[in-house]
Each structure stands twice: as structure tokens, then as C-alpha cells.
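Participant: So here's final_8.txt (compact mmCIF, C-alpha atoms and all ligand atoms).
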```txt
# COMPACT_ATOMS: atom_id res chain seq x y z
CA MET W 12 -18.04 34.12 -57.08
CA LYS W 13 -17.78 30.40 -56.62
CA ILE W 14 -15.47 28.98 -53.97
CA ALA W 15 -14.59 25.31 -53.61
CA VAL W 16 -13.97 24.61 -49.93
CA LEU W 17 -11.61 21.66 -49.43
CA PRO W 18 -10.78 21.26 -45.73
CA GLY W 19 -8.83 18.01 -46.08
CA ASP W 20 -7.24 16.24 -43.12
CA GLY W 21 -5.94 16.84 -39.62
CA ILE W 22 -6.42 20.42 -38.46
CA GLY W 23 -7.69 21.29 -41.97
CA THR W 24 -11.36 21.04 -41.03
CA GLU W 25 -10.96 23.18 -37.90
CA ILE W 26 -9.04 26.02 -39.48
CA VAL W 27 -11.10 26.16 -42.69
CA ALA W 28 -14.29 26.39 -40.60
CA GLU W 29 -12.96 29.62 -39.06
CA ALA W 30 -11.99 31.09 -42.42
CA VAL W 31 -15.48 30.32 -43.75
CA LYS W 32 -17.00 32.14 -40.76
CA VAL W 33 -14.91 35.18 -41.62
CA LEU W 34 -15.92 35.05 -45.30
CA ASN W 35 -19.57 34.84 -44.31
CA VAL W 36 -19.65 38.11 -42.40
CA LEU W 37 -18.09 40.32 -45.10
CA GLY W 38 -21.44 41.16 -46.68
CA LEU W 39 -20.40 39.60 -50.00
CA LYS W 40 -22.26 36.91 -51.90
CA PHE W 41 -20.33 33.69 -52.42
CA GLU W 42 -21.39 30.33 -53.60
CA MET W 43 -19.41 27.91 -51.43
CA GLU W 44 -19.33 24.19 -51.97
CA THR W 45 -17.40 21.77 -49.77
CA ALA W 46 -15.75 18.55 -50.94
CA LEU W 47 -13.45 15.87 -49.59
CA VAL W 48 -9.75 15.85 -50.42
CA GLY W 49 -6.64 14.03 -49.21
CA GLY W 50 -6.86 11.22 -46.68
CA ALA W 51 -10.50 12.06 -45.97
CA ALA W 52 -11.33 11.52 -49.65
CA TYR W 53 -9.30 8.34 -49.75
CA GLU W 54 -11.29 6.95 -46.82
CA ALA W 55 -14.62 7.80 -48.43
CA HIS W 56 -13.92 7.23 -52.14
CA GLY W 57 -10.63 5.36 -52.36
CA HIS W 58 -8.77 8.28 -53.97
CA PRO W 59 -7.20 11.46 -52.51
CA LEU W 60 -8.50 13.60 -55.39
CA PRO W 61 -11.84 12.14 -56.49
CA GLU W 62 -13.21 13.14 -59.89
CA ALA W 63 -16.04 15.13 -58.27
CA THR W 64 -13.60 17.17 -56.18
CA LEU W 65 -11.43 17.93 -59.19
CA LYS W 66 -14.49 18.94 -61.24
CA LEU W 67 -15.69 21.24 -58.47
CA ALA W 68 -12.23 22.83 -58.24
CA GLN W 69 -12.09 23.35 -62.01
CA ALA W 70 -15.54 24.96 -62.03
CA SER W 71 -14.73 27.39 -59.21
CA ASP W 72 -13.07 30.80 -59.24
CA ALA W 73 -11.04 29.88 -56.21
CA ILE W 74 -10.27 27.00 -53.88
CA LEU W 75 -9.97 27.43 -50.15
CA PHE W 76 -7.81 24.54 -49.05
CA GLY W 77 -7.00 23.35 -45.53
CA ALA W 78 -4.27 20.72 -45.38
CA VAL W 79 -3.79 17.08 -46.29
CA GLY W 80 -1.79 14.19 -44.91
CA ASP W 81 -1.45 11.88 -41.97
CA TRP W 82 1.28 9.44 -40.98
CA LYS W 83 -1.21 6.60 -41.28
CA TYR W 84 -1.16 6.94 -45.07
CA ASP W 85 2.63 6.73 -45.38
CA LYS W 86 2.48 3.10 -46.43
CA LEU W 87 -0.02 3.58 -49.25
CA GLU W 88 1.28 3.43 -52.79
CA ARG W 89 2.38 6.90 -53.90
CA ALA W 90 -0.58 7.55 -56.21
CA LEU W 91 -3.03 7.16 -53.33
CA ARG W 92 -1.25 9.25 -50.73
CA PRO W 93 -2.94 12.47 -49.57
CA GLU W 94 -0.15 14.67 -51.00
CA GLN W 95 -1.15 13.53 -54.49
CA ALA W 96 -4.34 15.57 -54.12
CA ILE W 97 -2.45 18.82 -53.91
CA LEU W 98 -0.04 17.85 -56.69
CA GLY W 99 -3.02 16.77 -58.84
CA LEU W 100 -4.82 20.07 -58.30
CA ARG W 101 -1.68 22.04 -59.15
CA LYS W 102 -1.15 20.04 -62.31
CA ASN W 103 -4.76 19.85 -63.53
CA LEU W 104 -5.48 23.51 -62.92
CA GLY W 105 -2.06 24.67 -64.12
CA LEU W 106 -1.35 26.50 -60.87
CA PHE W 107 2.20 27.42 -61.78
CA ALA W 108 2.76 30.49 -59.64
CA ASN W 109 3.00 29.97 -55.92
CA PHE W 110 3.15 33.02 -53.64
CA ARG W 111 4.46 32.42 -50.14
CA PRO W 112 4.85 35.59 -48.13
CA ALA W 113 6.98 35.49 -44.99
CA ILE W 114 5.97 38.48 -42.92
CA CYS W 115 7.06 39.14 -39.39
CA TYR W 116 4.20 40.62 -37.42
CA GLU W 117 5.32 43.35 -35.05
CA GLN W 118 3.68 41.65 -32.06
CA LEU W 119 5.40 38.35 -32.78
CA VAL W 120 9.06 39.35 -33.18
CA ASP W 121 9.92 37.34 -30.08
CA ALA W 122 8.41 34.16 -31.50
CA SER W 123 11.31 33.82 -33.95
CA SER W 124 14.39 31.81 -33.13
CA LEU W 125 16.45 34.64 -34.65
CA LYS W 126 17.35 37.85 -32.85
CA PRO W 127 14.52 40.42 -33.03
CA GLU W 128 16.71 42.99 -34.81
CA LEU W 129 17.32 40.53 -37.65
CA ILE W 130 13.65 39.94 -38.37
CA ALA W 131 11.70 42.99 -37.15
CA GLY W 132 9.88 44.35 -40.18
CA LEU W 133 10.71 41.31 -42.30
CA ASP W 134 8.58 41.08 -45.44
CA ILE W 135 9.76 38.52 -47.99
CA LEU W 136 7.71 37.13 -50.85
CA ILE W 137 8.83 33.75 -52.09
CA ILE W 138 7.58 32.98 -55.57
CA ARG W 139 7.92 29.28 -56.25
CA GLU W 140 7.36 27.75 -59.70
CA LEU W 141 4.85 25.02 -58.93
CA THR W 142 4.16 22.78 -61.92
CA GLY W 143 7.60 21.92 -63.30
CA ASP W 144 11.07 20.90 -62.18
CA ILE W 145 11.97 17.55 -60.67
CA TYR W 146 8.50 17.30 -59.11
CA PHE W 147 6.80 16.65 -62.45
CA GLY W 148 9.68 15.93 -64.83
CA GLN W 149 9.50 12.70 -66.83
CA PRO W 150 10.93 10.14 -67.02
CA ARG W 151 11.05 8.95 -63.45
CA GLY W 152 10.95 5.56 -61.84
CA ARG W 153 12.91 2.56 -60.70
CA ARG W 154 14.97 0.22 -62.77
CA VAL W 155 18.17 -1.78 -62.86
CA ALA W 156 21.16 0.43 -63.53
CA THR W 157 23.08 -0.24 -66.72
CA ASP W 158 25.81 2.29 -65.98
CA GLY W 159 26.92 4.59 -63.17
CA HIS W 160 28.80 3.55 -60.04
CA PHE W 161 26.93 0.28 -59.58
CA PRO W 162 25.77 -1.29 -62.88
CA GLY W 163 23.25 -4.06 -62.22
CA ALA W 164 22.04 -2.51 -58.97
CA GLU W 165 18.50 -1.28 -58.34
CA GLU W 166 18.27 2.46 -58.88
CA ALA W 167 15.67 5.21 -58.77
CA PHE W 168 15.65 8.39 -60.83
CA ASP W 169 13.74 11.64 -61.33
CA THR W 170 14.15 14.24 -64.02
CA MET W 171 14.85 17.89 -63.37
CA ARG W 172 13.71 19.94 -66.36
CA TYR W 173 12.38 23.36 -67.26
CA SER W 174 11.39 24.73 -70.62
CA ARG W 175 12.05 28.35 -71.57
CA PRO W 176 8.34 29.38 -71.56
CA GLU W 177 7.86 27.89 -68.11
CA ILE W 178 10.73 29.99 -66.79
CA GLU W 179 9.62 33.09 -68.70
CA ARG W 180 6.13 33.12 -67.25
CA ILE W 181 7.25 32.71 -63.64
CA ALA W 182 9.91 35.38 -64.20
CA HIS W 183 7.23 37.84 -65.34
CA VAL W 184 5.16 37.02 -62.27
CA ALA W 185 8.14 37.76 -60.04
CA PHE W 186 9.12 41.05 -61.68
CA GLN W 187 5.53 42.26 -61.71
CA ALA W 188 5.12 41.39 -58.04
CA ALA W 189 8.39 43.18 -57.22
CA ARG W 190 7.14 46.33 -58.95
CA LYS W 191 4.34 46.52 -56.40
CA ARG W 192 6.73 46.27 -53.46
CA GLY W 193 10.51 46.61 -52.93
CA LYS W 194 11.51 46.39 -56.63
CA HIS W 195 14.16 43.78 -55.86
CA VAL W 196 14.15 40.22 -57.22
CA THR W 197 16.59 37.55 -56.09
CA SER W 198 16.58 34.57 -58.43
CA VAL W 199 17.76 31.42 -56.70
CA ASP W 200 19.44 28.74 -58.81
CA LYS W 201 22.17 26.13 -58.90
CA ALA W 202 23.64 27.24 -62.22
CA ASN W 203 27.13 26.32 -61.09
CA VAL W 204 26.19 22.63 -61.32
CA LEU W 205 22.87 22.10 -63.12
CA GLU W 206 22.00 22.69 -66.80
CA THR W 207 18.36 23.25 -65.85
CA PHE W 208 19.33 26.15 -63.64
CA GLN W 209 21.78 27.65 -66.10
CA LEU W 210 18.82 28.04 -68.47
CA TRP W 211 16.82 29.39 -65.53
CA LYS W 212 19.48 32.01 -64.82
CA ASP W 213 19.85 32.99 -68.50
CA VAL W 214 16.10 33.46 -68.91
CA LEU W 215 15.76 35.41 -65.67
CA THR W 216 18.52 37.74 -66.86
CA GLU W 217 16.81 38.24 -70.24
CA ILE W 218 13.36 38.91 -68.79
CA GLY W 219 14.93 41.11 -66.13
CA ALA W 220 16.12 43.45 -68.87
CA GLN W 221 12.46 44.21 -69.59
CA TYR W 222 12.09 45.51 -66.02
CA PRO W 223 14.87 48.08 -65.67
CA ASP W 224 13.15 49.55 -62.60
CA VAL W 225 13.58 46.27 -60.72
CA THR W 226 16.97 45.18 -59.34
CA LEU W 227 17.78 41.57 -60.14
CA ASP W 228 20.39 39.49 -58.43
CA HIS W 229 21.21 35.80 -58.65
CA MET W 230 22.07 33.57 -55.75
CA TYR W 231 22.99 29.90 -55.52
CA VAL W 232 20.52 27.94 -53.48
CA ASP W 233 23.01 26.89 -50.81
CA ASN W 234 24.05 30.48 -50.26
CA ALA W 235 20.38 31.57 -50.27
CA ALA W 236 19.65 29.07 -47.48
CA MET W 237 22.47 30.66 -45.51
CA GLN W 238 21.63 34.30 -46.25
CA LEU W 239 18.01 33.72 -45.22
CA VAL W 240 19.12 33.17 -41.65
CA LYS W 241 22.12 35.50 -41.75
CA LYS W 242 20.61 38.60 -43.28
CA PRO W 243 16.95 37.90 -44.09
CA LYS W 244 16.04 41.53 -44.67
CA PHE W 245 18.28 41.55 -47.73
CA PHE W 246 15.44 39.80 -49.59
CA ASP W 247 12.33 41.29 -51.14
CA VAL W 248 11.01 38.92 -53.82
CA VAL W 249 12.71 35.53 -54.15
CA VAL W 250 11.89 33.56 -57.30
CA THR W 251 12.96 29.97 -57.71
CA GLY W 252 12.09 26.52 -59.02
CA ASN W 253 9.72 24.01 -57.54
CA MET W 254 12.07 22.04 -55.31
CA PHE W 255 14.28 24.87 -54.08
CA GLY W 256 11.10 26.86 -53.44
CA ASP W 257 9.63 24.05 -51.38
CA ILE W 258 12.66 24.02 -49.13
CA LEU W 259 13.38 27.75 -48.90
CA SER W 260 9.75 28.66 -48.27
CA ASP W 261 9.66 26.52 -45.14
CA GLU W 262 12.89 28.11 -43.99
CA ALA W 263 11.60 31.62 -44.68
CA ALA W 264 8.32 30.83 -42.94
CA MET W 265 10.09 29.77 -39.78
CA LEU W 266 12.09 33.02 -39.69
CA THR W 267 8.89 34.72 -38.66
CA GLY W 268 8.45 32.46 -35.65
CA SER W 269 5.19 30.92 -36.63
CA ILE W 270 4.30 29.05 -39.72
CA GLY W 271 0.79 29.21 -38.25
CA MET W 272 0.54 32.80 -39.48
CA LEU W 273 1.49 32.39 -43.12
CA PRO W 274 -0.93 32.15 -46.03
CA SER W 275 -0.18 31.11 -49.58
CA ALA W 276 -1.67 31.39 -53.04
CA SER W 277 -1.16 29.25 -56.14
CA LEU W 278 -2.38 30.84 -59.34
CA ASN W 279 -2.82 29.88 -62.96
CA ALA W 280 -2.80 32.11 -66.02
CA LYS W 281 -6.53 32.88 -65.56
CA ASN W 282 -6.04 33.98 -61.93
CA GLN W 283 -7.93 30.97 -60.75
CA GLY W 284 -6.25 30.10 -57.49
CA LEU W 285 -5.80 27.68 -54.69
CA TYR W 286 -5.37 29.27 -51.27
CA GLU W 287 -3.97 27.39 -48.34
CA PRO W 288 -2.00 27.96 -45.16
CA SER W 289 1.74 27.37 -45.53
CA HIS W 290 1.67 24.81 -42.75
CA GLY W 291 0.54 21.21 -42.96
CA SER W 292 -2.19 19.07 -41.42
CA ALA W 293 -0.50 18.74 -37.98
CA PRO W 294 -2.12 15.40 -37.06
CA ASP W 295 -0.55 15.64 -33.59
CA ILE W 296 -2.87 18.48 -32.61
CA ALA W 297 -5.86 17.66 -34.83
CA GLY W 298 -9.25 17.73 -33.11
CA LYS W 299 -7.91 19.50 -30.04
CA GLY W 300 -9.15 22.94 -30.97
CA VAL W 301 -5.72 24.54 -30.55
CA ALA W 302 -4.57 25.03 -34.15
CA ASN W 303 -3.92 28.58 -35.31
CA PRO W 304 -6.57 29.52 -37.90
CA LEU W 305 -4.90 32.81 -38.87
CA ALA W 306 -2.86 31.45 -41.79
CA THR W 307 -6.07 30.11 -43.33
CA ILE W 308 -7.98 33.30 -42.61
CA LEU W 309 -5.14 35.27 -44.24
CA SER W 310 -5.26 32.84 -47.18
CA ALA W 311 -8.93 33.73 -47.58
CA ALA W 312 -7.83 37.38 -47.72
CA MET W 313 -5.34 36.54 -50.48
CA MET W 314 -8.14 34.74 -52.31
CA LEU W 315 -10.34 37.82 -52.18
CA ARG W 316 -7.53 39.96 -53.51
CA PHE W 317 -6.09 37.74 -56.26
CA SER W 318 -8.97 35.64 -57.59
CA LEU W 319 -12.17 37.40 -56.56
CA ASN W 320 -11.29 41.04 -57.12
CA GLN W 321 -12.31 42.10 -53.62
CA ALA W 322 -9.22 43.96 -52.44
CA GLU W 323 -11.16 46.01 -49.94
CA ALA W 324 -12.54 42.96 -48.16
CA ALA W 325 -9.03 41.48 -48.16
CA ASP W 326 -7.69 44.61 -46.46
CA ARG W 327 -10.44 44.40 -43.85
CA ILE W 328 -9.46 40.85 -42.93
CA GLU W 329 -5.77 41.72 -42.68
CA VAL W 330 -6.50 44.70 -40.46
CA ALA W 331 -8.74 42.51 -38.26
CA VAL W 332 -5.96 39.95 -37.84
CA LYS W 333 -3.54 42.66 -36.73
CA LYS W 334 -6.18 43.89 -34.30
CA VAL W 335 -6.59 40.53 -32.57
CA LEU W 336 -2.82 40.23 -32.28
CA ALA W 337 -2.71 43.70 -30.75
CA GLN W 338 -5.42 42.59 -28.31
CA GLY W 339 -2.92 39.99 -27.13
CA LEU W 340 -4.82 36.93 -28.31
CA ARG W 341 -2.55 33.99 -29.12
CA THR W 342 -3.01 30.36 -30.07
CA PRO W 343 -0.44 28.08 -28.38
CA ASP W 344 1.97 28.16 -31.35
CA ILE W 345 2.50 31.91 -30.96
CA TYR W 346 1.88 32.20 -27.22
CA SER W 347 4.33 34.05 -25.01
CA GLU W 348 4.11 35.21 -21.41
CA GLY W 349 1.82 38.14 -20.81
CA THR W 350 -0.51 37.32 -23.71
CA THR W 351 -3.87 35.52 -23.65
CA LYS W 352 -3.95 31.93 -24.83
CA VAL W 353 -6.99 31.08 -26.96
CA GLY W 354 -8.16 28.14 -29.07
CA THR W 355 -8.96 27.84 -32.75
CA ARG W 356 -12.60 28.83 -32.43
CA GLU W 357 -11.99 31.76 -30.08
CA MET W 358 -9.36 33.11 -32.46
CA GLY W 359 -11.71 32.83 -35.45
CA GLU W 360 -14.50 34.50 -33.53
CA ALA W 361 -12.19 37.29 -32.41
CA VAL W 362 -11.35 38.03 -36.06
CA VAL W 363 -15.06 38.06 -36.93
CA LYS W 364 -15.64 40.54 -34.11
CA ALA W 365 -12.67 42.69 -35.09
CA LEU W 366 -14.10 43.05 -38.60
CA GLY W 367 -16.69 45.31 -36.97
C1 LIG G 401 4.26 22.23 -49.95
C2 LIG G 401 4.27 20.78 -49.52
C3 LIG G 401 4.01 19.93 -50.76
C4 LIG G 401 5.15 20.18 -51.72
C5 LIG G 401 3.82 18.44 -50.47
C6 LIG G 401 2.72 18.19 -49.49
C7 LIG G 401 3.59 17.66 -51.73
O1 LIG G 401 5.47 20.48 -48.89
O2 LIG G 401 3.23 22.68 -50.47
O3 LIG G 401 5.27 22.89 -49.77
O4 LIG G 401 6.22 19.58 -51.58
O5 LIG G 401 4.96 20.99 -52.61
MG MG G 402 6.73 22.16 -48.56
```
Taking this structure as input, can you express it in the form of C-alpha cells?

Facilitator:
Amino acid sequence: MKIAVLPGDGIGTEIVAEAVKVLNVLGLKFEMETALVGGAAYEAHGHPLPEATLKLAQASDAILFGAVGDWKYDKLERALRPEQAILGLRKNLGLFANFRPAICYEQLVDASSLKPELIAGLDILIIRELTGDIYFGQPRGRRVATDGHFPGAEEAFDTMRYSRPEIERIAHVAFQAARKRGKHVTSVDKANVLETFQLWKDVLTEIGAQYPDVTLDHMYVDNAAMQLVKKPKFFDVVVTGNMFGDILSDEAAMLTGSIGMLPSASLNAKNQGLYEPSHGSAPDIAGKGVANPLATILSAAMMLRFSLNQAEAADRIEVAVKKVLAQGLRTPDIYSEGTTKVGTREMGEAVVKALG
């Protein structure tokens, strides 16, 4: 079992270090190799995704990823910005299926900005298509407009597009995931306006017919954004395109009160996967030892389950995380009165201890 460890920038190094500690005490044999990615790789090698890092990722069964990005790179040309590392990994490894669970932990119901009764027991799985849509669609660029409202003016354009097979494969992923949980898929689209999402809706309906045991409903993205805060427990599995999924997954994450708790997985057809916390590099708190490592530790659990075939070890980690929450340990992002505030390292060590 070979794991590429890519801590990245900001709090990435601190939180990944804790997840590695947890992996090391499971009694399993991993080959772990660390490499630079994002801004850190740009500083050292002049590129956010150096050839060596990409090669290592391709040769591994799984990638444990921290986070990339810092405001100081905002002025770099797009191809050299830290975010390109994550987009490059998704594209080169074909990581088309992104799983973003939004789970409300019992002990953290008060951390949400929504009323506890709305989110207690919340367990949504957002499945975001990750290698298509307007993120990767060609052509894109800048030019002088020859038509439109202002011919002759500078304009920029991107292309939203999906092919039928791209939609089919993510639809299967969603229905199969739903079978293992609430058997309810909500497909989010904008079929009332966009051709791309009319095809999306048609294909989802067709594939849905192959899963008669799973309920399928369709929702426009604007309504989905509203229903997520109005009646979040309506949702079980949400499947949507790359851009809508980017937006709705942040919204869903925040329903739970702390994005610091949420893991994610991005898989290709061979179950090779990239595992990362749902949050970003948080440069404002980097190096202070206060970042919440639990999302990364839970991402390591997802990695064991999805890419490394070690479901039992994954369960052990998830139980240990619940244990430390029950002990009242909290990093500042999830702290509330009456609990014990701890730092990144103490939280990681508490999980190690709770593994028994
Ligand atoms: C995410 C992030 C990325 C995305 C950025 C960093 C490119 O927001 O993983 O959700 O938009 O996909
Ligand atoms: Mg995002």
C-alpha cells in the first residue's frame, strides 16, 4: 500500500502530520512518501505540481493531501497558482468522483448557525463531478468580442460542457452510494436554462431507471441552495456537476458548524484516490498549532476504506474521533463553553490514544 503524502501550504503541514501519526499506529504496513505541492512546490521548483510530485501521485494507491494556497500567490499567472496543483492532479489521475460528506456530529450540534433541530442527525453525501463542466471545458480565454452586447470590447469566456459518458459514470457512482445509505438521490441541475444540464437531467433519469430501489428527484441549483438551509435533512445523496458541487459542498459543510471536521475523497475508475480535508489552507492560522486536524484524520479513514481496502482500520479511526469529541476535546474552531480547548498536536495525540 503506497501512499503519497502531499501536505502543501498553510495549515496543510500541521494537519497532515497528525493524520500520518494516526496511520502509523494502526499496525498496518504502508509505504509513505512525502512531496511538495502548491505554493511550497512553487517556491522550491517554480511549479505548483512538479513532475516528480505528479509521478509519485500516479505511482501511489492513494494520496493524502493537506491544502494549498496563500494570498501571496494571487498575483501569479494562473498556471503557476497553487490551486493548479489540485486541478492538475484531478485531471491527470482522472479523479472524476468527489465525495463530500456533511455529517453533523452529535456533540457539535450547537456549532452550527442553524437551529439544532434542523441539523441534529444530519448526514448528507455530496457527490460532485470533478473533471468536467466549466472548470475544464474548452475553449476558454480572452479575446475581443465580435458580437454580443458590446462588439469590439474585451471579453472573457469559459465553456460549460458535459458528454453523456461523463454524466453516466458519475450517475452510477451516486446511485451505488445511495444504495448503501438512504436510497435517495437528489440530482441538482439548471435544466431550465442550460443545455448542458438538460442533458445531465435526461441522463440521470435514464440511469435512475436502472436503480428502481433508489428514489431520484431533480432540483434546480438555486432551489437546492435554499433547501439546504431550509430543510437540510431532506437530502441523502446529492449529485451534481463540478461548479454547482463546488458551491453547494461548501454550503453543506457549513451546515454542520465546522468545516474543520469534514473529509473528502476524489476517486478515479481504478479506485485510486486523493483524500483531503474539505477546508482550505487557512493561512491566517498557519503555524500557530490551532488548526483542527480531524478533517484530515477522517480523510485518512476514507482513504483506508475506499482505496486501501482496510475498512476495519477506517472504522477504528472514526470511532476514535467520536471518542475524543465525547471527551470534550475541541480545537478553537469547534470550541464552546464547558469543553476543553486543545491545539492541533494535542488533538492528533488524543485520537492516537483513543485508538487504544
Ligand atoms: C475545492 C476548491 C477547489 C475547487 C479550488 C481550490 C480549485 O474550492 O476543492 O472545492 O474549486 O474545486
Ligand atoms: Mg471549493

Participant: Give the residues close to ligand MG 402 (chain G), within 10 Å, counting all atoms listed in the file; write them as a list in words.

Facilitator: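 Every residue with an atom at most 10 Å from ligand MG 402 (chain G) is listed here: Asn253, Met254, Phe255, Gly256, Asp257, Ile258, Leu259, Ser260, Asp261, Glu262, Ser289, His290 and Gly291 of chain W.
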
Participant: Can I get the selected residues back with C-alpha atoms, as a PDB file, keeping the file's coordinate frame?

Facilitator:
```pdb
ATOM      1  CA  ASN W 253       9.720  24.010 -57.540  1.00  0.00           C
ATOM      2  CA  MET W 254      12.070  22.040 -55.310  1.00  0.00           C
ATOM      3  CA  PHE W 255      14.280  24.870 -54.080  1.00  0.00           C
ATOM      4  CA  GLY W 256      11.100  26.860 -53.440  1.00  0.00           C
ATOM      5  CA  ASP W 257       9.630  24.050 -51.380  1.00  0.00           C
ATOM      6  CA  ILE W 258      12.660  24.020 -49.130  1.00  0.00           C
ATOM      7  CA  LEU W 259      13.380  27.750 -48.900  1.00  0.00           C
ATOM      8  CA  SER W 260       9.750  28.660 -48.270  1.00  0.00           C
ATOM      9  CA  ASP W 261       9.660  26.520 -45.140  1.00  0.00           C
ATOM     10  CA  GLU W 262      12.890  28.110 -43.990  1.00  0.00           C
ATOM     11  CA  SER W 289       1.740  27.370 -45.530  1.00  0.00           C
ATOM     12  CA  HIS W 290       1.670  24.810 -42.750  1.00  0.00           C
ATOM     13  CA  GLY W 291       0.540  21.210 -42.960  1.00  0.00           C
TER      14      GLY W 291
END
```

Participant: Suppose you want the space between atom CA of Met272 of chain W and atom CA of Ala131 of chain W; what is it in Å?

Facilitator: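 Interatomic distance, atom CA of Met272 of chain W to atom CA of Ala131 of chain W: 15.3 Å.
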
Participant: Quick one: everything within 6 Å of segment 73-82 of chain W, counting all atoms listed in the file, minus sequence neighbours fewer than 2 positions away in the same chain. Send it as a compact mmCIF listing (two decimals) with C-alpha atoms, in the frame of the given file.

Facilitator:
```
# COMPACT_ATOMS: atom_id res chain seq x y z
CA ILE W 14 -15.47 28.98 -53.97
CA ALA W 15 -14.59 25.31 -53.61
CA VAL W 16 -13.97 24.61 -49.93
CA LEU W 17 -11.61 21.66 -49.43
CA PRO W 18 -10.78 21.26 -45.73
CA GLY W 19 -8.83 18.01 -46.08
CA ASP W 20 -7.24 16.24 -43.12
CA GLY W 23 -7.69 21.29 -41.97
CA VAL W 27 -11.10 26.16 -42.69
CA GLY W 49 -6.64 14.03 -49.21
CA SER W 71 -14.73 27.39 -59.21
CA TYR W 84 -1.16 6.94 -45.07
CA ASP W 85 2.63 6.73 -45.38
CA PRO W 93 -2.94 12.47 -49.57
CA GLN W 283 -7.93 30.97 -60.75
CA GLY W 284 -6.25 30.10 -57.49
CA LEU W 285 -5.80 27.68 -54.69
CA TYR W 286 -5.37 29.27 -51.27
CA GLU W 287 -3.97 27.39 -48.34
CA GLY W 291 0.54 21.21 -42.96
CA SER W 292 -2.19 19.07 -41.42
```

Participant: May I have a table of the residues of segment 32-100 of chain W lying at most 12 Å from segment 145-150 of chain W, giving each one's closest pair of atoms and their distance in Å to one decimal, counting only C-alpha atoms, ordered by chain and ascending residue number, as a tab-separated table?

Facilitator:
```
residue	atom	partner	partner_atom	distance
W:Gln95	CA	W:Tyr146	CA	11.3
W:Leu98	CA	W:Tyr146	CA	8.9
W:Gly99	CA	W:Phe147	CA	10.5
```

Participant: For the residues selected in the previous step, produce a file with C-alpha atoms as a compact mmCIF listing (two decimals), in the coordinates of the input.

Facilitator:
```
# COMPACT_ATOMS: atom_id res chain seq x y z
CA GLN W 95 -1.15 13.53 -54.49
CA LEU W 98 -0.04 17.85 -56.69
CA GLY W 99 -3.02 16.77 -58.84
```

Participant: How many Å lie between atom CA of Thr355 of chain W and atom CA of Phe110 of chain W, rounded to one decimal?

Facilitator: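 Atom CA of Phe110 of chain W lies at a distance of 24.7 Å from atom CA of Thr355 of chain W.
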
Participant: Pick the closest to Asp121 of chain W from W:Gly339, W:Gly298, W:Gly359, W:Gly268: which is it, counting all atoms listed in the file?

Facilitator: W:Gly268

Participant: With distances taken over all atoms listed in the file, which of W:Thr307, W:Asp228, W:Ala68, W:Ala276 is nearest to ligand LIG 401 (chain G)?

Facilitator: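 Selected residue with least distance to ligand LIG 401 (chain G): W:Ala276.
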
Participant: What separation in Å, quoted to one decimal, exists between atom CA of Gly252 of chain W and atom CA of Ala167 of chain W?

Facilitator: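 Rounded to one decimal, the two atoms are 21.6 Å apart.
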
Participant: At a cut-off of 12 Å, using all atoms listed in the file, what residues contact Lys334 of chain W? Leave out same-chain residues fewer than 2 positions from it and give the result as a list in words.

Facilitator: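 In the requested form, the answer reads Tyr116, Glu117, Gln118, Arg327, Ile328, Glu329, Val330, Ala331, Val332, Leu336, Ala337, Gln338, Gly339, Leu340, Arg341, Met358, Ala361, Val362, Val363, Lys364, Ala365, Leu366 and Gly367 of chain W.
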
Participant: Would you mind telling me which residue in W:Val232, W:Ala122, W:Ile138, W:Val225 lies nearest to Arg190 of chain W when using only C-alpha atoms?

Facilitator: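 When distances to Arg190 of chain W are compared using only C-alpha atoms, the smallest one comes from W:Val225.
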
Participant: For a quick check of understanding, using all atoms listed in the file, which of W:Glu348, W:Glu94, W:Asp213, W:Asp233 has the smallest distance to ligand LIG 401 (chain G)?

Facilitator: W:Glu94

Participant: Compile the contact shell of segment 199-208 of chain W as a PDB file with C-alpha atoms, in the frame of the given file: residues with an atom at most 8 Å away, counting all atoms listed in the file, same-chain residues fewer than 5 positions apart removed.

Facilitator:
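Output file part.pdb is given in full below:
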```
ATOM      1  CA  MET W 171      14.850  17.890 -63.370  1.00  0.00           C
ATOM      2  CA  ARG W 172      13.710  19.940 -66.360  1.00  0.00           C
ATOM      3  CA  TYR W 173      12.380  23.360 -67.260  1.00  0.00           C
ATOM      4  CA  HIS W 229      21.210  35.800 -58.650  1.00  0.00           C
ATOM      5  CA  MET W 230      22.070  33.570 -55.750  1.00  0.00           C
ATOM      6  CA  TYR W 231      22.990  29.900 -55.520  1.00  0.00           C
ATOM      7  CA  VAL W 232      20.520  27.940 -53.480  1.00  0.00           C
ATOM      8  CA  ALA W 235      20.380  31.570 -50.270  1.00  0.00           C
ATOM      9  CA  VAL W 249      12.710  35.530 -54.150  1.00  0.00           C
ATOM     10  CA  VAL W 250      11.890  33.560 -57.300  1.00  0.00           C
ATOM     11  CA  THR W 251      12.960  29.970 -57.710  1.00  0.00           C
ATOM     12  CA  GLY W 252      12.090  26.520 -59.020  1.00  0.00           C
ATOM     13  CA  PHE W 255      14.280  24.870 -54.080  1.00  0.00           C
TER      14      PHE W 255
END
```
